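Have a look at the structure below before the remarks.
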Amino acid sequence: MIVCATVLVSAVLAILAGARLAAQQPSFRASVEVVLIDVSVVDRSAFPVDDLRPTDFTVTVDGKPRRILTAQFFSHRAPGLDDVSRVERGQPPPDVIESQRVGTGLDVILAVDEDSLEPGDGSLAKRAIGRFLDQLSPTDRIAIVTIPRLPGRIGLTSNRLDLFDALSRINSGIAHQHGQHRIGLAEAFEIERHDEVTLNDVIERECVDKVTGVGNRSDVPATQELEACRIDVTIEAKQFAITAHDRAQRSLDALRRLAGLLSSIPRPKTLVLVSGGFPAPISPTGFSLVASALAAGQVNLYSLYLEKYQFGSALGQPSPTASEDDSLERYGIENVTSEAGGTLMLVNGDFEPHFDRVVRELSGSYLLGVEVEAGDRDGNPHRVEVKVNRTGVSIRSRKQYVIGSPAGRAGALDAGPAGIEPGSTDVGRTELETGFGQLSYNRMLTAARDLEGTGDVYVTVKAQNIPEAGSGGREVMVQATIDPRSVYFISLDGRRVARLGVSIFCGDSKHAVVGEMWQEVNLALKDDTYARYKEVGIPYTARVSVRGDPRYVKIVVYDFRSDLVGSMTTKVK
């Protein structure tokens with residue numbers, strides 16, 4: 001059996017080494033605007049299912065069916081490793097590497113809820129996170145943060161030394177103050193709600209024995225001692241409940257702020273939350289607010305909840321209502337994960353199997369191109385439900401998306417500082433493919449071929465026929481405007497710097513391509529130029545030599561840093 005597996009793996013690697021990606025010409029259809037929804041579909045072993053088509057999915061937005069234009073699978077691991085995995089699971093190796101199966105890096109944020117962990121819990125989590133980091137691809141971009149104490153910005157990095165340094169600074173757990181009475185969280189919440197039966201039960205347990213037992217204060221009447229104890233228990237229980245609500249609210253507020261910080265990274269991201277749980281927060285709207293913020297920030301959520309009440313607290317005696325307390329602590333993380341359409345994993349002392357599952361599920365996902373309707377662009381959350389018509393699989397996707405107006409949506413991507421006036425360099429398609437990476441090339445070609453009018457990078461365009469100077473041929477003059485707020489800029493030497501790929505396709509009345517051009521556009525804007533472009537857009541002009549009679553022009557703009565693409569089709573005047 002081992003020999004056979006080795007032969008199959010070698011065959012896979014040989015196929016991969018000789019495979020070529022076939023480029024297809026884009027087609028020109030009526031302009032349709034789409035939103036990209038990232039979806040994970042896994043089998044019973046949590047391995048991604050990679051052979052689904054658009055017709056295998058159904059999507060509803062606010063309860064109404066939507067047309068799915070594309071369903072593109074992206075592998076987030078090296079293609080060779082993916083196909084070895086397929087062989088190990090008894091599936092045949094592919095004859096050719098499909099374009100959507102080229103490996104891509106992930107953005108993963110690990111957040112540890114320090115205030116929810118008891119002493120020692122953090123050490124368990126840190127060891128498992130370290131192993132998790134070792135399993136991720138070297139091309140993955142990762143950040144490690146703590147809540148509720150967040151940094152001012154989220155820096156994603158593939159530098160493992162920096163990540164392990166950040167991991168070492170996480171607390172191993174917080175030693176919570178315990179009162180003089182043994183009161184369970186469930187009891188505290190009931191007493192907070194003025195439940196006299198629960199209060200009397202706690203008084204019976206915590207006060208009567210102390211007053212009537214050995215060592216009681218004989219100089220003070222028993223009734224006075226009981227009344228004093230009753231007051232102490234009531235105050236302590238209510239304080240315990242208030243502290244728990246406040247802790248939950250701080251965690252929710254931090255998650256919402258984290259989602260806001262992540263929205264400046266304009267591409268899908270995965271948030272892995274490690275928590276000891278949190279009960280009901282102060283504000284009942286906290287869960288939906290966090291879910292909306294995660295949706296707006298394109299964040300998928302995995303929550304790893306460490307069950308701990310069954311073992312008792314690390315300090316003091318076990319809670320008298322341990323199982324009820326565990327349900328209450330699970331309440332908050334269950335609700336926020338459910339509202340966000342995330343995945344909740346219950347950890348019973350060992351994080352590693354759950355992190356292993358996250359690694360498997362993250363190794364591949366789909367981008368569904370779903371048609372946008374005019375009512376979607378109101379900046380409000382829209383409820384999304386994705387289903388797949390195959391048995392034996394599980395599907396995971398966010399339950400909401402948020403699309404603002406073009407300016408409003410793009411403004412959320414304004415990363416602040418980023419720089420030379422617009423300059424462009426002509427590059428051939430082969431050079432683009434090899435120099436920029438196959439994934440970038442395929443993203444642009446896919447947008448040209450399938451995703452009509454995408455708005456991740458917002459662009460408008462107009463085109464007109466003109467004579468080609470001195471040759472008697474024909475050209476198409478293309479004038480486009482790119483919204484800078486939908487481009488991911490970085491700061492460099494006092495300028496706002498971005499790198500774009502632009503491809504232009506001219507099509508005739510039969511939708512055949514009669515001219516095309518590929519360019520790399522480098523931006524390095526001074527602050528005043530950037531401010532002006534925010535008002536009027538970044539101007540882009542190109543002349544494309546054509547043959548025949550061009551009727552349509554399709555422009556595709558690809559942002560290399562954010563891995564986002566925008567496109568638009570217009571008629572030639």
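Naming works like this for the structure tokens: A, B, ... for the chains as they're shown, residue 1 at the start of each chain, ligands 1 onward in shown order.
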*Contacts of stretch 398-400 of chain A at 6 Å or less, counting only C-alpha atoms, minus same-chain residues fewer than 6 places along, as a ChimeraX atom specification?*
/A:295,341,381-384
Print the selection's residues with all heavy atoms to a file, as a PDB file, in the first residue's frame.
ATOM      1  N   ALA A 295     -19.157  41.491   8.748  1.00  0.00           N
ATOM      2  CA  ALA A 295     -19.592  41.393   7.352  1.00  0.00           C
ATOM      3  C   ALA A 295     -19.019  42.527   6.524  1.00  0.00           C
ATOM      4  O   ALA A 295     -18.531  42.317   5.411  1.00  0.00           O
ATOM      5  CB  ALA A 295     -21.119  41.393   7.286  1.00  0.00           C
ATOM      6  N   GLY A 341     -22.436  34.014  11.174  1.00  0.00           N
ATOM      7  CA  GLY A 341     -22.327  32.902  10.242  1.00  0.00           C
ATOM      8  C   GLY A 341     -21.008  32.171  10.371  1.00  0.00           C
ATOM      9  O   GLY A 341     -20.521  31.580   9.400  1.00  0.00           O
ATOM     10  N   PRO A 381     -26.625  46.074   6.313  1.00  0.00           N
ATOM     11  CA  PRO A 381     -26.401  44.632   6.194  1.00  0.00           C
ATOM     12  C   PRO A 381     -27.568  43.956   5.468  1.00  0.00           C
ATOM     13  O   PRO A 381     -28.728  44.280   5.710  1.00  0.00           O
ATOM     14  CB  PRO A 381     -26.317  44.161   7.658  1.00  0.00           C
ATOM     15  CG  PRO A 381     -26.089  45.394   8.470  1.00  0.00           C
ATOM     16  CD  PRO A 381     -26.737  46.509   7.724  1.00  0.00           C
ATOM     17  N   HIS A 382     -27.240  43.034   4.578  1.00  0.00           N
ATOM     18  CA  HIS A 382     -28.247  42.247   3.877  1.00  0.00           C
ATOM     19  C   HIS A 382     -28.029  40.774   4.210  1.00  0.00           C
ATOM     20  O   HIS A 382     -26.912  40.264   4.126  1.00  0.00           O
ATOM     21  CB  HIS A 382     -28.164  42.473   2.367  1.00  0.00           C
ATOM     22  CG  HIS A 382     -28.564  43.860   1.960  1.00  0.00           C
ATOM     23  ND1 HIS A 382     -29.872  44.207   1.700  1.00  0.00           N
ATOM     24  CD2 HIS A 382     -27.837  44.998   1.826  1.00  0.00           C
ATOM     25  CE1 HIS A 382     -29.926  45.494   1.392  1.00  0.00           C
ATOM     26  NE2 HIS A 382     -28.708  45.988   1.470  1.00  0.00           N
ATOM     27  N   ARG A 383     -29.108  40.120   4.608  1.00  0.00           N
ATOM     28  CA  ARG A 383     -29.028  38.730   5.034  1.00  0.00           C
ATOM     29  C   ARG A 383     -28.820  37.827   3.833  1.00  0.00           C
ATOM     30  O   ARG A 383     -29.556  37.893   2.845  1.00  0.00           O
ATOM     31  CB  ARG A 383     -30.319  38.350   5.762  1.00  0.00           C
ATOM     32  CG  ARG A 383     -30.352  36.952   6.317  1.00  0.00           C
ATOM     33  CD  ARG A 383     -29.375  36.732   7.449  1.00  0.00           C
ATOM     34  NE  ARG A 383     -29.651  37.555   8.616  1.00  0.00           N
ATOM     35  CZ  ARG A 383     -29.001  37.444   9.765  1.00  0.00           C
ATOM     36  NH1 ARG A 383     -28.029  36.566   9.880  1.00  0.00           N
ATOM     37  NH2 ARG A 383     -29.291  38.229  10.776  1.00  0.00           N
ATOM     38  N   VAL A 384     -27.780  36.997   3.897  1.00  0.00           N
ATOM     39  CA  VAL A 384     -27.414  36.111   2.799  1.00  0.00           C
ATOM     40  C   VAL A 384     -27.466  34.669   3.273  1.00  0.00           C
ATOM     41  O   VAL A 384     -26.989  34.351   4.365  1.00  0.00           O
ATOM     42  CB  VAL A 384     -25.987  36.424   2.285  1.00  0.00           C
ATOM     43  CG1 VAL A 384     -25.609  35.475   1.159  1.00  0.00           C
ATOM     44  CG2 VAL A 384     -25.891  37.866   1.815  1.00  0.00           C
TER      45      VAL A 384
END
Residues within 12 Å of A:Arg532, only C-alpha atoms, excluding chain neighbours under 6 positions, as a PDB file with N, CA and C atoms, in the first residue's frame:
ATOM      1  N   ASP A 483     -11.565  55.150  -8.768  1.00  0.00           N
ATOM      2  CA  ASP A 483     -11.782  55.760  -7.462  1.00  0.00           C
ATOM      3  C   ASP A 483     -10.623  55.382  -6.533  1.00  0.00           C
ATOM      4  N   PRO A 484      -9.821  56.348  -6.067  1.00  0.00           N
ATOM      5  CA  PRO A 484      -8.652  56.012  -5.228  1.00  0.00           C
ATOM      6  C   PRO A 484      -9.037  55.411  -3.889  1.00  0.00           C
ATOM      7  N   ARG A 485     -10.287  55.634  -3.457  1.00  0.00           N
ATOM      8  CA  ARG A 485     -10.703  55.100  -2.163  1.00  0.00           C
ATOM      9  C   ARG A 485     -10.991  53.610  -2.212  1.00  0.00           C
ATOM     10  N   LEU A 525       1.528  59.175  -4.948  1.00  0.00           N
ATOM     11  CA  LEU A 525       0.822  60.443  -4.912  1.00  0.00           C
ATOM     12  C   LEU A 525       1.208  61.280  -3.706  1.00  0.00           C
ATOM     13  N   LYS A 526       1.448  62.565  -3.945  1.00  0.00           N
ATOM     14  CA  LYS A 526       1.577  63.509  -2.843  1.00  0.00           C
ATOM     15  C   LYS A 526       0.194  63.711  -2.208  1.00  0.00           C
ATOM     16  N   ILE A 538      -8.933  59.039 -10.178  1.00  0.00           N
ATOM     17  CA  ILE A 538      -7.628  58.952 -10.842  1.00  0.00           C
ATOM     18  C   ILE A 538      -7.865  58.800 -12.336  1.00  0.00           C
ATOM     19  N   PRO A 539      -7.384  59.751 -13.155  1.00  0.00           N
ATOM     20  CA  PRO A 539      -7.616  59.646 -14.602  1.00  0.00           C
ATOM     21  C   PRO A 539      -6.664  58.629 -15.232  1.00  0.00           C
TER      22      PRO A 539
END
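Note that DSSP on the backbone gives strand (DSSP E) to these residues of stretch 215-295 of chain A: Lys269, Thr270, Leu271, Val272, Leu273, Val274 and Ser275 of chain A.
Here atom CA of A:Val459 and atom CA of A:Val557 stand 7.7 Å from one another.
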*So how far away is atom CA of A:Leu262 from atom CA of A:Ser567, in Å?*
24.3 Å
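Of the residues under consideration (A:Glu361, A:Asp162, A:Glu516, A:Glu307), A:Glu516 shows the shortest atom-to-atom contact distance to A:Ile555 when counting only C-alpha atoms.
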*Contact residues around A:Ser303 with only C-alpha atoms at 8 Å, ignoring same-chain residues under 4 positions, as a VMD selection string*: chain A and resid 272 to 275 333 337 342 to 345
Since we have the selection now, will you write its residues out, keeping C-alpha atoms, as a short mmCIF file (atom, residue, chain, number, x, y, z; two decimals), in the first residue's frame?
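File written: result-v3.cif
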data_model
loop_
_atom_site.label_atom_id
_atom_site.label_comp_id
_atom_site.auth_asym_id
_atom_site.auth_seq_id
_atom_site.Cartn_x
_atom_site.Cartn_y
_atom_site.Cartn_z
CA VAL A 272 -9.82 32.73 14.77
CA LEU A 273 -11.06 33.70 18.24
CA VAL A 274 -9.79 31.80 21.29
CA SER A 275 -12.01 32.43 24.30
CA ILE A 333 -19.79 33.31 22.04
CA THR A 337 -20.64 33.29 16.13
CA GLY A 342 -19.13 31.56 11.79
CA THR A 343 -18.10 28.19 13.17
CA LEU A 344 -18.10 27.44 16.91
CA MET A 345 -15.84 24.70 18.27
#
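Omitting stretch 350-357 of chain A and its sequence neighbours fewer than 5 positions away, and counting only C-alpha atoms, the residues within 9 Å are Ser45, Ala46, Phe47, Leu124, Ala125, Arg127, Ala128, Ile129, Arg131, Phe132, Gln135, Leu304, Leu306, Met345 and Leu362 of chain A.
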*Excluding A:Cys229 and residues on its chain fewer than 3 positions from it, collect all residues at most 8 Å away from it, counting only C-alpha atoms, and give them as a ChimeraX atom specification.*
/A:203,207,225-226,232-233
_With distances taken over only C-alpha atoms, which residue among A:Asp508, A:Asp56, A:Asp107, A:Glu475 lies nearest A:Arg543?_
A:Glu475
_Residues within 6 Å of stretch 546-548 of chain A, only C-alpha atoms, excluding chain neighbours under 6 positions, as a PyMOL selection string_ = chain A and resi 474-475+514-515
Dump N, CA, C and O atoms for the selected residues as a PDB file, in the first residue's frame?
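This went into out-v2.pdb:
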ATOM      1  N   ARG A 474      -6.670  51.873 -37.191  1.00  0.00           N
ATOM      2  CA  ARG A 474      -7.658  52.414 -36.268  1.00  0.00           C
ATOM      3  C   ARG A 474      -7.227  52.137 -34.837  1.00  0.00           C
ATOM      4  O   ARG A 474      -6.555  51.143 -34.525  1.00  0.00           O
ATOM      5  N   GLU A 475      -7.652  53.028 -33.960  1.00  0.00           N
ATOM      6  CA  GLU A 475      -7.408  52.874 -32.535  1.00  0.00           C
ATOM      7  C   GLU A 475      -8.693  53.183 -31.782  1.00  0.00           C
ATOM      8  O   GLU A 475      -9.597  53.837 -32.318  1.00  0.00           O
ATOM      9  N   VAL A 514     -10.892  42.137 -30.776  1.00  0.00           N
ATOM     10  CA  VAL A 514     -10.204  42.697 -31.949  1.00  0.00           C
ATOM     11  C   VAL A 514      -9.056  43.609 -31.534  1.00  0.00           C
ATOM     12  O   VAL A 514      -8.428  44.240 -32.382  1.00  0.00           O
ATOM     13  N   GLY A 515      -8.765  43.666 -30.264  1.00  0.00           N
ATOM     14  CA  GLY A 515      -7.633  44.457 -29.775  1.00  0.00           C
ATOM     15  C   GLY A 515      -7.553  44.367 -28.264  1.00  0.00           C
ATOM     16  O   GLY A 515      -8.580  44.260 -27.585  1.00  0.00           O
TER      17      GLY A 515
END
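Nearest to A:Tyr401 of all the residues A:Ala296, A:Ile144, A:Val513, A:Ile183 is A:Ala296, counting only C-alpha atoms.
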*Closest to A:Ile395 among A:Ser365, A:Asn171, A:Ser319, A:Thr157, using only C-alpha atoms?*
A:Ser365
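Each of A:Ala143, A:Ile170, A:Ala248, A:Ala254 was compared to A:Gly120 using only C-alpha atoms, and A:Ile170 turns out to be the nearest.
Proximity to A:Val42 was assessed for A:Thr70, A:Ser116, A:Ser397, A:Thr60 counting only C-alpha atoms; the smallest distance is recorded for A:Ser397.
You will find atom CA of A:Leu289 at 13.4 Å from atom CA of A:Arg250.
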*Which residues come within 12 Å of A:Ile231, counting only C-alpha atoms, excluding same-chain residues fewer than 6 positions away, as a ChimeraX atom specification?*
/A:181,191,199-200,202-203,206-207,224-225,237-238
